[in-house]
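Engineer: So I've got this file, coords.cif, and it contains mmCIF, C-alpha atoms and all ligand atoms:
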data_coords
#
loop_
_atom_site.group_PDB
_atom_site.id
_atom_site.type_symbol
_atom_site.label_atom_id
_atom_site.label_comp_id
_atom_site.auth_asym_id
_atom_site.auth_seq_id
_atom_site.Cartn_x
_atom_site.Cartn_y
_atom_site.Cartn_z
ATOM 1 C CA MET A 1 22.486 22.244 26.675
ATOM 2 C CA GLN A 2 19.405 20.129 27.299
ATOM 3 C CA CYS A 3 18.981 16.459 26.401
ATOM 4 C CA GLU A 4 16.404 17.322 23.704
ATOM 5 C CA GLU A 5 18.879 19.574 21.930
ATOM 6 C CA VAL A 6 21.694 17.056 22.211
ATOM 7 C CA THR A 7 19.497 14.291 20.849
ATOM 8 C CA LEU A 8 19.118 16.181 17.575
ATOM 9 C CA VAL A 9 22.872 16.525 17.263
ATOM 10 C CA LEU A 10 23.400 12.866 18.129
ATOM 11 C CA ALA A 11 21.180 11.751 15.259
ATOM 12 C CA GLU A 12 23.405 13.701 12.869
ATOM 13 C CA VAL A 13 26.720 12.402 14.148
ATOM 14 C CA ALA A 14 25.726 8.820 14.904
ATOM 15 C CA PRO A 15 26.556 7.459 11.419
ATOM 16 C CA VAL A 16 30.151 8.648 11.720
ATOM 17 C CA GLU A 17 32.051 6.750 14.393
ATOM 18 C CA ASP A 18 34.581 9.479 15.293
ATOM 19 C CA ALA A 19 32.443 12.485 14.465
ATOM 20 C CA ALA A 20 33.186 15.587 16.463
ATOM 21 C CA LEU A 21 30.271 16.927 18.431
ATOM 22 C CA PRO A 22 29.882 20.616 19.071
ATOM 23 C CA LEU A 23 31.675 21.452 22.315
ATOM 24 C CA ALA A 24 28.526 22.082 24.364
ATOM 25 C CA ALA A 25 26.989 18.800 23.172
ATOM 26 C CA ALA A 26 30.210 16.899 23.882
ATOM 27 C CA ARG A 27 30.333 18.257 27.425
ATOM 28 C CA HIS A 28 26.705 17.318 27.981
ATOM 29 C CA LEU A 29 27.263 13.851 26.565
ATOM 30 C CA ASP A 30 30.210 13.224 28.899
ATOM 31 C CA GLY A 31 28.005 13.696 31.926
ATOM 32 C CA CYS A 32 24.615 12.422 30.747
ATOM 33 C CA LEU A 33 23.895 8.713 30.764
ATOM 34 C CA ARG A 34 20.603 9.231 28.950
ATOM 35 C CA CYS A 35 22.292 10.840 25.939
ATOM 36 C CA GLN A 36 25.081 8.264 25.976
ATOM 37 C CA ALA A 37 22.442 5.553 25.810
ATOM 38 C CA GLU A 38 20.715 7.433 22.998
ATOM 39 C CA LEU A 39 23.912 7.584 20.943
ATOM 40 C CA SER A 40 24.541 3.922 21.625
ATOM 41 C CA GLN A 41 21.023 3.065 20.398
ATOM 42 C CA TYR A 42 21.506 5.110 17.214
ATOM 43 C CA ARG A 43 24.750 3.329 16.432
ATOM 44 C CA LYS A 44 23.274 -0.084 17.216
ATOM 45 C CA LEU A 45 20.361 0.653 14.895
ATOM 46 C CA LEU A 46 22.683 1.786 12.118
ATOM 47 C CA ARG A 47 24.817 -1.364 12.479
ATOM 48 C CA GLY A 48 21.693 -3.503 12.271
ATOM 49 C CA LEU A 49 20.490 -1.685 9.176
ATOM 50 C CA SER A 50 23.862 -1.923 7.450
ATOM 51 C CA SER A 51 23.977 -5.667 8.078
ATOM 52 C CA LEU A 52 20.706 -5.971 6.187
ATOM 53 C CA ARG A 53 22.275 -4.526 3.041
ATOM 54 C CA GLU A 54 23.968 -7.809 2.305
ATOM 55 C CA VAL A 55 21.008 -10.029 3.019
ATOM 56 C CA GLN A 56 19.322 -11.331 -0.079
ATOM 57 C CA ILE A 57 16.062 -13.148 0.092
ATOM 58 C CA ALA A 58 15.035 -15.321 -2.819
ATOM 59 C CA PRO A 59 11.384 -14.783 -3.637
ATOM 60 C CA ASP A 60 9.036 -17.710 -3.559
ATOM 61 C CA SER A 61 8.531 -19.229 -7.004
ATOM 62 C CA THR A 62 4.801 -18.537 -6.810
ATOM 63 C CA LEU A 63 5.210 -14.881 -5.816
ATOM 64 C CA LEU A 64 4.918 -13.448 -9.333
ATOM 65 C CA ASP A 65 1.792 -15.478 -10.091
ATOM 66 C CA GLU A 66 0.200 -14.405 -6.810
ATOM 67 C CA ILE A 67 0.920 -10.729 -7.482
ATOM 68 C CA LEU A 68 -0.472 -10.899 -11.008
ATOM 69 C CA GLU A 69 -3.518 -12.780 -9.796
ATOM 70 C CA ASN A 70 -4.238 -10.083 -7.215
ATOM 71 C CA LEU A 71 -3.721 -7.282 -9.744
ATOM 72 C CA ARG A 72 -6.160 -8.623 -12.319
ATOM 73 C CA PRO A 73 -9.707 -7.534 -11.711
ATOM 74 C CA PRO A 74 -12.227 -10.314 -11.916
ATOM 75 C CA ALA A 75 -13.727 -9.847 -15.353
ATOM 76 C CA PRO A 76 -16.264 -12.290 -16.710
ATOM 77 C CA VAL A 77 -15.783 -13.264 -20.338
ATOM 78 C CA LEU A 78 -19.003 -13.059 -22.282
ATOM 79 C CA LYS A 79 -19.335 -14.937 -25.482
ATOM 80 C CA LEU A 80 -21.649 -13.189 -27.890
ATOM 81 C CA ARG A 81 -23.674 -15.004 -30.454
ATOM 82 C CA ARG A 82 -23.081 -13.994 -34.055
ATOM 83 C CA ARG A 83 -26.309 -11.967 -34.243
ATOM 84 C CA ASP A 84 -25.531 -10.159 -30.963
ATOM 85 C CA ARG A 85 -21.994 -9.456 -32.143
ATOM 86 C CA ARG A 86 -23.356 -7.877 -35.335
ATOM 87 C CA LYS A 87 -25.749 -5.719 -33.292
ATOM 88 C CA ALA A 88 -22.918 -4.593 -31.030
ATOM 89 C CA ILE A 89 -20.775 -3.654 -34.040
ATOM 90 C CA LEU A 90 -23.620 -1.726 -35.641
ATOM 91 C CA LYS A 91 -24.281 0.146 -32.392
ATOM 92 C CA GLY A 92 -20.607 1.066 -32.172
ATOM 93 C CA VAL A 93 -20.504 2.264 -35.782
ATOM 94 C CA GLY A 94 -23.717 4.231 -35.234
ATOM 95 C CA ALA A 95 -22.350 5.885 -32.127
ATOM 96 C CA ALA A 96 -19.125 6.790 -33.925
ATOM 97 C CA ALA A 97 -21.040 8.232 -36.873
ATOM 98 C CA ALA A 98 -23.277 10.265 -34.583
ATOM 99 C CA THR A 99 -20.261 11.626 -32.744
ATOM 100 C CA GLY A 100 -18.583 12.524 -36.026
ATOM 101 C CA ALA A 101 -21.718 14.245 -37.320
ATOM 102 C CA ALA A 102 -22.107 16.214 -34.111
ATOM 103 C CA GLY A 103 -18.463 17.287 -34.302
ATOM 104 C CA ALA A 104 -18.864 18.369 -37.927
ATOM 105 C CA PHE A 105 -22.020 20.319 -37.035
ATOM 106 C CA VAL A 106 -20.215 22.135 -34.226
ATOM 107 C CA ALA A 107 -17.254 22.907 -36.488
ATOM 108 C CA VAL A 108 -19.484 24.255 -39.265
ATOM 109 C CA SER A 109 -21.536 26.358 -36.872
ATOM 110 C CA LYS A 110 -18.334 27.868 -35.413
ATOM 111 C CA LEU A 111 -17.086 28.647 -38.906
ATOM 112 C CA ASN A 112 -20.387 30.345 -39.745
ATOM 113 C CA ARG A 113 -20.270 32.370 -36.530
ATOM 114 C CA SER A 114 -16.729 33.529 -37.160
ATOM 115 C CA THR A 115 -17.538 34.607 -40.733
ATOM 116 C CA VAL A 116 -20.644 36.488 -39.559
ATOM 117 C CA ALA A 117 -18.719 38.274 -36.814
ATOM 118 C CA GLN A 118 -16.202 39.730 -39.268
HETATM 119 ZN ZN ZN A 201 21.340 14.305 28.050
#
I need this file expressed as structure tokens, please.
Ligand SMILES: [Zn+2]
Structural biologist:
Amino acid sequence: MQCEEVTLVLAEVAPVEDAALPLAAARHLDGCLRCQAELSQYRKLLRGLSSLREVQIAPDSTLLDEILENLRPPAPVLKLRRRDRRKAILKGVGAAAATGAAGAFVAVSKLNRSTVAQ
């Protein structure tokens, strides 16, 4: 067995301390310092990661405000005068009415087409 093949097996067995390696990999590991070092590094990494499970870090009290501040897009607030507000409302109502009329026209024309086709 070559080191590259053994390395793949080592990654699988590293989490289990007394895991049994396949016989060919175990024989290779007995005589190969490189693979022994690799297994040692895997286990050291896993120990380090498991020690982090119990570490709790208290967030900074300003963290939430900073996150929300970065999420909000910068939007200017425009104050409309009463006359401008009325114009904006009328434009919106006009656009809605036009859309409704266009939809009704399309619906009626489809109904007419379907009755003609029959
Ligand atoms: Zn090796």
Engineer: Check which residues satisfy the PyMOL selection byres (((not hetatm)) within 12 of (chain A and resi 201)) in the file shown, then give them as an MDAnalysis selection string.
Structural biologist: chainID A and resid 1:10 24:39
Engineer: Given all atoms listed in the file as the basis, pick out the residue of A:Leu78, A:Ala101, A:Ala96, A:Val13 nearest to Ser40 (chain A).
Structural biologist: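 Going through A:Leu78, A:Ala101, A:Ala96, A:Val13 one by one, the smallest distance to Ser40 (chain A) is for A:Val13.
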Engineer: Rounded to one decimal, what separation in Å do you get between CA of Pro15 (chain A) and CA of Lys44 (chain A)?
Structural biologist: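 Between CA of Pro15 (chain A) and CA of Lys44 (chain A) the gap works out to 10.1 Å.
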Engineer: In Å, how far is it from CA of Thr62 (chain A) to CA of Pro74 (chain A)?
Structural biologist: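 CA of Pro74 (chain A) lies at a distance of 19.6 Å from CA of Thr62 (chain A).
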Engineer: Please compute the CA of Gly48 (chain A)-CA of Ala14 (chain A) distance, one decimal, in Å.
Structural biologist: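 Separating CA of Gly48 (chain A) from CA of Ala14 (chain A) is a distance of 13.2 Å.
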